[in-house]
Amino acid sequence: KAGVTQTPRYLIKTRGQQVTLSCSPISGHRSVSWYQQTPGQGLQFLFEYFSETQRNKGNFPGRFSGRQFSNSRSEMNVSTLELGDSALYLCASSAAGTGAEKLFFGSGTQLSVL
Amino acid sequence: GESVGLHLPTLSVQEGDNSIINCAYSNSASDYFIWYKQESGKGPQFIIDIRSNMDKRQGQRVTVLLNKTVKHLSLQIAATQPGDSAVYFCAENPNFGNEKLTFGTGTRLTIIP
C-alpha cells in the first residue's frame with residue numbers, strides 16, 4: 001500500500017508569489033490534514049479536511065488555504081508569499097478522521113521563499 | 001493556549017542501552033497521544049499511540065507510559081540501535097472526532113556506537 005505522497009518535494013519561490021502544494025493520502029483514507037514545520041515554531045497545525053469539508057483550521061492567516069477533492073486528494077495554497085513562510089509543509093492522512101487513530105505523514109514539501 | 005512540551009531537547013545514549021524520552025502536556029481533556037520519530041529529510045513516522053484510558057502500552061522495543069495525574073508521557077526504547085537516532089515528538093489530540101494534533105518541540109536522540 002503506497003504511503004502519503006506529496007509533490008513537489010522542493011520549491012523555491014520569491015516574495016509575493018503564490019504556491020500550490022499537493023497531497024495524495026493513503027488509499028482509502030478520508031481525512032487529510034496539513035502541518036507547517038519550522039525550526040523555530042516546530043510542527044503547527046494548518047487545517048484538516050474530511051469528505052471535501054474543512055473541519056478544523058489552525059491559527060494561520062487567510063493567505064493559507066486548502067481544499068480536498070472527491071478522491072480525497074488535497075491541495076494547499078499560500079498566496080502572497082512572505083519570507084517567514086519558508087518551511088517544511090507536511091500532509092497527513094487517517095482512515096476515518098476520528099481523532100483517535102494513527103495519522104500517517106508524507107515526506108513533505110520543502111518551501112523556500114527568497 | 002494549550003501546549004505540549006518536552007523536558008530535554010537532546011539525549012545521547014550508548015548503543016544497546018535503554019532510552020527514555022519525556023513529554024509534559026497541559027490539556028487534561030486530551031484523549032489520545034502519539035509518539036513520532038522523524039529522521040532527517042523525512043516526515044514524522046508513527047511509533048506508538050495510547051488512549052487516555054490506558055497507563056501503558058508496549059510495541060516492538062518501545063513502551064509508552066501515560067501518567068494522567070501529572071500529565072506526563074514517556075517513550076522508552078529498549079536496546080537502542082544506531083537507527084534509533086532521530087528527533088522524537090510527542091503529540092496530543094484534545095479534539096475527539098477530528099484530527100488536530102498539538103506537537104511537542106521534539107527531542108533529538110543520538111545513539112553513541
# chains A, B, ... in the order shown; residues from 1 in each chain; ligands from 1

$ residues_around --residues "Gly28 (chain A)" --least-positions-apart "4" --cutoff "10 Å" --atoms "only C-alpha atoms" --output "PyMOL selection string"
chain A and resi 71-72+93-96

$ interface_residues --of "chain B" --to "chain A" --cutoff "8 Å" --atoms "only C-alpha atoms" --output "number ranges by chain"
B: 31-32, 41-46, 49, 51, 93, 95-106

$ select_by_dssp --residues "region 33-108 of chain B" --states "strand (DSSP E)" --output "PDB file with N, CA and C atoms, in the first residue's frame"
ATOM      1  N   PHE B  33      -2.818  10.150  22.491  1.00  0.00           N
ATOM      2  CA  PHE B  33      -1.437  10.604  22.428  1.00  0.00           C
ATOM      3  C   PHE B  33      -0.647   9.724  21.469  1.00  0.00           C
ATOM      4  N   ILE B  34       0.286  10.353  20.774  1.00  0.00           N
ATOM      5  CA  ILE B  34       1.090   9.621  19.793  1.00  0.00           C
ATOM      6  C   ILE B  34       2.549  10.024  19.939  1.00  0.00           C
ATOM      7  N   TRP B  35       3.419   9.077  19.684  1.00  0.00           N
ATOM      8  CA  TRP B  35       4.848   9.361  19.565  1.00  0.00           C
ATOM      9  C   TRP B  35       5.253   9.165  18.111  1.00  0.00           C
ATOM     10  N   TYR B  36       6.026  10.152  17.622  1.00  0.00           N
ATOM     11  CA  TYR B  36       6.533  10.088  16.262  1.00  0.00           C
ATOM     12  C   TYR B  36       8.051  10.164  16.268  1.00  0.00           C
ATOM     13  N   LYS B  37       8.638   9.562  15.261  1.00  0.00           N
ATOM     14  CA  LYS B  37      10.082   9.613  15.029  1.00  0.00           C
ATOM     15  C   LYS B  37      10.299  10.308  13.689  1.00  0.00           C
ATOM     16  N   GLN B  38      11.189  11.284  13.677  1.00  0.00           N
ATOM     17  CA  GLN B  38      11.464  11.971  12.420  1.00  0.00           C
ATOM     18  C   GLN B  38      12.956  11.947  12.123  1.00  0.00           C
ATOM     19  N   GLN B  45       7.309   9.695  11.478  1.00  0.00           N
ATOM     20  CA  GLN B  45       6.914   8.291  11.325  1.00  0.00           C
ATOM     21  C   GLN B  45       6.244   7.826  12.615  1.00  0.00           C
ATOM     22  N   PHE B  46       5.058   7.275  12.495  1.00  0.00           N
ATOM     23  CA  PHE B  46       4.309   6.780  13.658  1.00  0.00           C
ATOM     24  C   PHE B  46       5.106   5.702  14.382  1.00  0.00           C
ATOM     25  N   ILE B  47       5.184   5.842  15.739  1.00  0.00           N
ATOM     26  CA  ILE B  47       5.862   4.822  16.534  1.00  0.00           C
ATOM     27  C   ILE B  47       4.843   4.032  17.343  1.00  0.00           C
ATOM     28  N   ILE B  48       4.105   4.758  18.192  1.00  0.00           N
ATOM     29  CA  ILE B  48       3.168   4.096  19.084  1.00  0.00           C
ATOM     30  C   ILE B  48       2.162   5.125  19.578  1.00  0.00           C
ATOM     31  N   ASP B  49       0.969   4.669  19.906  1.00  0.00           N
ATOM     32  CA  ASP B  49      -0.045   5.566  20.423  1.00  0.00           C
ATOM     33  C   ASP B  49      -0.659   4.986  21.688  1.00  0.00           C
ATOM     34  N   ILE B  50      -1.407   5.844  22.399  1.00  0.00           N
ATOM     35  CA  ILE B  50      -2.059   5.389  23.618  1.00  0.00           C
ATOM     36  C   ILE B  50      -3.286   6.240  23.875  1.00  0.00           C
ATOM     37  N   ARG B  51      -4.344   5.599  24.329  1.00  0.00           N
ATOM     38  CA  ARG B  51      -5.551   6.328  24.697  1.00  0.00           C
ATOM     39  C   ARG B  51      -5.495   6.686  26.173  1.00  0.00           C
ATOM     40  N   LYS B  56      -0.264   2.252  30.066  1.00  0.00           N
ATOM     41  CA  LYS B  56       0.940   1.701  29.454  1.00  0.00           C
ATOM     42  C   LYS B  56       0.565   0.938  28.195  1.00  0.00           C
ATOM     43  N   ARG B  57       1.450   1.035  27.227  1.00  0.00           N
ATOM     44  CA  ARG B  57       1.245   0.270  26.002  1.00  0.00           C
ATOM     45  C   ARG B  57       2.614  -0.106  25.453  1.00  0.00           C
ATOM     46  N   GLN B  58       2.722  -1.331  25.006  1.00  0.00           N
ATOM     47  CA  GLN B  58       4.021  -1.800  24.523  1.00  0.00           C
ATOM     48  C   GLN B  58       3.962  -2.142  23.055  1.00  0.00           C
ATOM     49  N   VAL B  62       9.543  -0.669  22.061  1.00  0.00           N
ATOM     50  CA  VAL B  62       9.091   0.619  22.596  1.00  0.00           C
ATOM     51  C   VAL B  62       7.930   0.425  23.566  1.00  0.00           C
ATOM     52  N   THR B  63       7.916   1.306  24.560  1.00  0.00           N
ATOM     53  CA  THR B  63       6.834   1.319  25.543  1.00  0.00           C
ATOM     54  C   THR B  63       6.452   2.763  25.790  1.00  0.00           C
ATOM     55  N   VAL B  64       5.180   3.046  25.805  1.00  0.00           N
ATOM     56  CA  VAL B  64       4.702   4.384  26.145  1.00  0.00           C
ATOM     57  C   VAL B  64       3.990   4.307  27.488  1.00  0.00           C
ATOM     58  N   LEU B  65       4.330   5.241  28.354  1.00  0.00           N
ATOM     59  CA  LEU B  65       3.695   5.334  29.670  1.00  0.00           C
ATOM     60  C   LEU B  65       2.947   6.653  29.757  1.00  0.00           C
ATOM     61  N   LEU B  66       1.761   6.593  30.299  1.00  0.00           N
ATOM     62  CA  LEU B  66       0.932   7.782  30.450  1.00  0.00           C
ATOM     63  C   LEU B  66       0.557   7.955  31.910  1.00  0.00           C
ATOM     64  N   ASN B  67       0.890   9.116  32.457  1.00  0.00           N
ATOM     65  CA  ASN B  67       0.519   9.439  33.831  1.00  0.00           C
ATOM     66  C   ASN B  67      -0.406  10.648  33.781  1.00  0.00           C
ATOM     67  N   HIS B  72       1.873  13.582  32.169  1.00  0.00           N
ATOM     68  CA  HIS B  72       3.203  13.250  31.692  1.00  0.00           C
ATOM     69  C   HIS B  72       3.159  12.006  30.822  1.00  0.00           C
ATOM     70  N   LEU B  73       3.945  12.056  29.773  1.00  0.00           N
ATOM     71  CA  LEU B  73       4.022  10.967  28.799  1.00  0.00           C
ATOM     72  C   LEU B  73       5.493  10.627  28.610  1.00  0.00           C
ATOM     73  N   SER B  74       5.804   9.362  28.487  1.00  0.00           N
ATOM     74  CA  SER B  74       7.194   8.989  28.218  1.00  0.00           C
ATOM     75  C   SER B  74       7.257   7.872  27.187  1.00  0.00           C
ATOM     76  N   LEU B  75       8.365   7.869  26.477  1.00  0.00           N
ATOM     77  CA  LEU B  75       8.636   6.835  25.476  1.00  0.00           C
ATOM     78  C   LEU B  75       9.916   6.125  25.883  1.00  0.00           C
ATOM     79  N   GLN B  76       9.835   4.842  26.070  1.00  0.00           N
ATOM     80  CA  GLN B  76      11.001   4.052  26.403  1.00  0.00           C
ATOM     81  C   GLN B  76      11.380   3.217  25.197  1.00  0.00           C
ATOM     82  N   ILE B  77      12.655   3.294  24.828  1.00  0.00           N
ATOM     83  CA  ILE B  77      13.176   2.492  23.725  1.00  0.00           C
ATOM     84  C   ILE B  77      14.200   1.527  24.306  1.00  0.00           C
ATOM     85  N   ALA B  86      17.315  10.008  15.885  1.00  0.00           N
ATOM     86  CA  ALA B  86      16.294  10.802  15.201  1.00  0.00           C
ATOM     87  C   ALA B  86      15.759  11.835  16.185  1.00  0.00           C
ATOM     88  N   VAL B  87      14.828  12.633  15.715  1.00  0.00           N
ATOM     89  CA  VAL B  87      14.086  13.534  16.602  1.00  0.00           C
ATOM     90  C   VAL B  87      12.753  12.869  16.923  1.00  0.00           C
ATOM     91  N   TYR B  88      12.406  12.859  18.178  1.00  0.00           N
ATOM     92  CA  TYR B  88      11.169  12.222  18.629  1.00  0.00           C
ATOM     93  C   TYR B  88      10.204  13.293  19.120  1.00  0.00           C
ATOM     94  N   PHE B  89       8.980  13.192  18.643  1.00  0.00           N
ATOM     95  CA  PHE B  89       7.935  14.135  19.024  1.00  0.00           C
ATOM     96  C   PHE B  89       6.802  13.401  19.726  1.00  0.00           C
ATOM     97  N   CYS B  90       6.285  14.014  20.779  1.00  0.00           N
ATOM     98  CA  CYS B  90       5.017  13.553  21.316  1.00  0.00           C
ATOM     99  C   CYS B  90       3.934  14.481  20.770  1.00  0.00           C
ATOM    100  N   ALA B  91       2.738  13.965  20.663  1.00  0.00           N
ATOM    101  CA  ALA B  91       1.626  14.767  20.173  1.00  0.00           C
ATOM    102  C   ALA B  91       0.363  14.347  20.899  1.00  0.00           C
ATOM    103  N   GLU B  92      -0.534  15.290  21.100  1.00  0.00           N
ATOM    104  CA  GLU B  92      -1.805  15.005  21.749  1.00  0.00           C
ATOM    105  C   GLU B  92      -2.942  15.498  20.874  1.00  0.00           C
ATOM    106  N   ASN B  93      -4.079  14.850  21.038  1.00  0.00           N
ATOM    107  CA  ASN B  93      -5.273  15.301  20.350  1.00  0.00           C
ATOM    108  C   ASN B  93      -6.368  15.549  21.375  1.00  0.00           C
ATOM    109  N   THR B 102      -1.551  18.529  18.561  1.00  0.00           N
ATOM    110  CA  THR B 102      -0.642  19.525  19.106  1.00  0.00           C
ATOM    111  C   THR B 102       0.661  18.795  19.397  1.00  0.00           C
ATOM    112  N   PHE B 103       1.742  19.263  18.785  1.00  0.00           N
ATOM    113  CA  PHE B 103       3.027  18.589  18.902  1.00  0.00           C
ATOM    114  C   PHE B 103       3.918  19.245  19.943  1.00  0.00           C
ATOM    115  N   THR B 107      12.646  15.960  20.833  1.00  0.00           N
ATOM    116  CA  THR B 107      13.909  15.599  21.479  1.00  0.00           C
ATOM    117  C   THR B 107      14.784  14.901  20.461  1.00  0.00           C
ATOM    118  N   ARG B 108      16.012  15.389  20.347  1.00  0.00           N
ATOM    119  CA  ARG B 108      16.940  14.734  19.421  1.00  0.00           C
ATOM    120  C   ARG B 108      17.672  13.633  20.166  1.00  0.00           C
TER     121      ARG B 108
END

$ residues_around --residues "Leu21 (chain A)" --least-positions-apart "6" --cutoff "8 Å" --atoms "only C-alpha atoms" --output "PyMOL selection string"
chain A and resi 6-8+75-77+109

$ decode --residues "region 18-110 of chain A" --atoms "C-alpha atoms" --output "mmCIF file, in the first residue's frame"
data_model
loop_
_atom_site.group_PDB
_atom_site.id
_atom_site.type_symbol
_atom_site.label_atom_id
_atom_site.label_comp_id
_atom_site.auth_asym_id
_atom_site.auth_seq_id
_atom_site.Cartn_x
_atom_site.Cartn_y
_atom_site.Cartn_z
ATOM 1 C CA GLN A 18 1.783 32.095 -4.671
ATOM 2 C CA VAL A 19 2.305 28.366 -4.408
ATOM 3 C CA THR A 20 0.175 25.219 -4.541
ATOM 4 C CA LEU A 21 1.204 22.009 -2.834
ATOM 5 C CA SER A 22 -0.342 18.632 -3.487
ATOM 6 C CA CYS A 23 -1.030 15.638 -1.275
ATOM 7 C CA SER A 24 -2.309 12.169 -2.113
ATOM 8 C CA PRO A 25 -3.400 10.298 1.019
ATOM 9 C CA ILE A 26 -3.116 6.590 1.611
ATOM 10 C CA SER A 27 -5.713 4.764 -0.448
ATOM 11 C CA GLY A 28 -8.990 4.612 1.454
ATOM 12 C CA HIS A 29 -8.105 7.393 3.879
ATOM 13 C CA ARG A 30 -10.672 10.147 4.062
ATOM 14 C CA SER A 31 -9.054 12.671 6.391
ATOM 15 C CA VAL A 32 -6.195 14.857 5.231
ATOM 16 C CA SER A 33 -4.500 17.416 7.436
ATOM 17 C CA TRP A 34 -1.654 19.829 6.837
ATOM 18 C CA TYR A 35 1.127 20.964 9.136
ATOM 19 C CA GLN A 36 3.880 23.528 8.891
ATOM 20 C CA GLN A 37 7.264 22.652 10.370
ATOM 21 C CA THR A 38 9.922 25.255 11.096
ATOM 22 C CA PRO A 39 12.967 25.163 13.378
ATOM 23 C CA GLY A 40 11.575 27.996 15.465
ATOM 24 C CA GLN A 41 7.907 27.031 15.790
ATOM 25 C CA GLY A 42 8.061 23.269 15.392
ATOM 26 C CA LEU A 43 5.076 21.438 13.961
ATOM 27 C CA GLN A 44 1.949 23.546 13.735
ATOM 28 C CA PHE A 45 -1.468 22.528 12.540
ATOM 29 C CA LEU A 46 -2.760 24.328 9.460
ATOM 30 C CA PHE A 47 -6.094 22.667 8.622
ATOM 31 C CA GLU A 48 -7.879 19.378 8.223
ATOM 32 C CA TYR A 49 -10.255 18.148 5.544
ATOM 33 C CA PHE A 50 -12.700 15.310 5.675
ATOM 34 C CA SER A 51 -15.033 14.373 2.844
ATOM 35 C CA GLU A 52 -14.145 17.595 0.994
ATOM 36 C CA THR A 53 -15.051 19.770 4.005
ATOM 37 C CA GLN A 54 -12.672 21.756 6.159
ATOM 38 C CA ARG A 55 -13.290 20.623 9.727
ATOM 39 C CA ASN A 56 -10.560 22.466 11.556
ATOM 40 C CA LYS A 57 -8.287 25.394 10.941
ATOM 41 C CA GLY A 58 -5.204 26.442 12.840
ATOM 42 C CA ASN A 59 -4.019 29.943 13.653
ATOM 43 C CA PHE A 60 -2.682 30.927 10.272
ATOM 44 C CA PRO A 61 -3.602 33.969 8.154
ATOM 45 C CA GLY A 62 -6.101 33.755 5.332
ATOM 46 C CA ARG A 63 -3.239 33.558 2.834
ATOM 47 C CA PHE A 64 -3.142 29.873 3.694
ATOM 48 C CA SER A 65 -5.970 27.899 2.182
ATOM 49 C CA GLY A 66 -6.707 24.395 1.077
ATOM 50 C CA ARG A 67 -9.206 22.064 -0.446
ATOM 51 C CA GLN A 68 -9.958 18.395 -0.786
ATOM 52 C CA PHE A 69 -11.236 16.613 -3.839
ATOM 53 C CA SER A 70 -13.747 13.788 -4.100
ATOM 54 C CA ASN A 71 -10.907 11.245 -4.352
ATOM 55 C CA SER A 72 -9.547 12.588 -1.022
ATOM 56 C CA ARG A 73 -6.518 14.182 -2.643
ATOM 57 C CA SER A 74 -5.798 17.589 -1.173
ATOM 58 C CA GLU A 75 -4.068 20.784 -2.138
ATOM 59 C CA MET A 76 -2.974 23.713 -0.078
ATOM 60 C CA ASN A 77 -2.273 27.161 -1.416
ATOM 61 C CA VAL A 78 -0.264 30.018 0.003
ATOM 62 C CA SER A 79 -0.732 33.401 -1.620
ATOM 63 C CA THR A 80 1.446 36.495 -1.382
ATOM 64 C CA LEU A 81 4.376 34.552 -0.024
ATOM 65 C CA GLU A 82 6.478 36.012 2.776
ATOM 66 C CA LEU A 83 9.981 35.092 3.863
ATOM 67 C CA GLY A 84 8.539 33.564 7.031
ATOM 68 C CA ASP A 85 6.559 31.063 5.007
ATOM 69 C CA SER A 86 9.759 29.146 4.337
ATOM 70 C CA ALA A 87 9.127 25.795 5.957
ATOM 71 C CA LEU A 88 8.559 22.109 5.511
ATOM 72 C CA TYR A 89 4.877 21.547 4.762
ATOM 73 C CA LEU A 90 3.640 18.145 5.823
ATOM 74 C CA CYS A 91 0.496 16.367 4.848
ATOM 75 C CA ALA A 92 -1.001 13.570 6.942
ATOM 76 C CA SER A 93 -3.882 11.191 6.402
ATOM 77 C CA SER A 94 -6.006 8.927 8.536
ATOM 78 C CA ALA A 95 -8.666 6.432 7.656
ATOM 79 C CA ALA A 96 -11.759 7.770 9.387
ATOM 80 C CA GLY A 97 -10.597 11.036 10.926
ATOM 81 C CA THR A 98 -11.867 10.146 14.399
ATOM 82 C CA GLY A 99 -9.002 11.852 16.188
ATOM 83 C CA ALA A 100 -8.060 8.630 17.922
ATOM 84 C CA GLU A 101 -6.336 6.684 15.197
ATOM 85 C CA LYS A 102 -2.957 6.551 13.522
ATOM 86 C CA LEU A 103 -2.024 9.581 11.496
ATOM 87 C CA PHE A 104 0.437 8.928 8.683
ATOM 88 C CA PHE A 105 2.673 11.650 7.304
ATOM 89 C CA GLY A 106 4.216 12.225 3.918
ATOM 90 C CA SER A 107 7.820 13.340 3.442
ATOM 91 C CA GLY A 108 6.758 16.931 2.991
ATOM 92 C CA THR A 109 7.360 19.771 0.582
ATOM 93 C CA GLN A 110 10.304 21.986 1.472
#
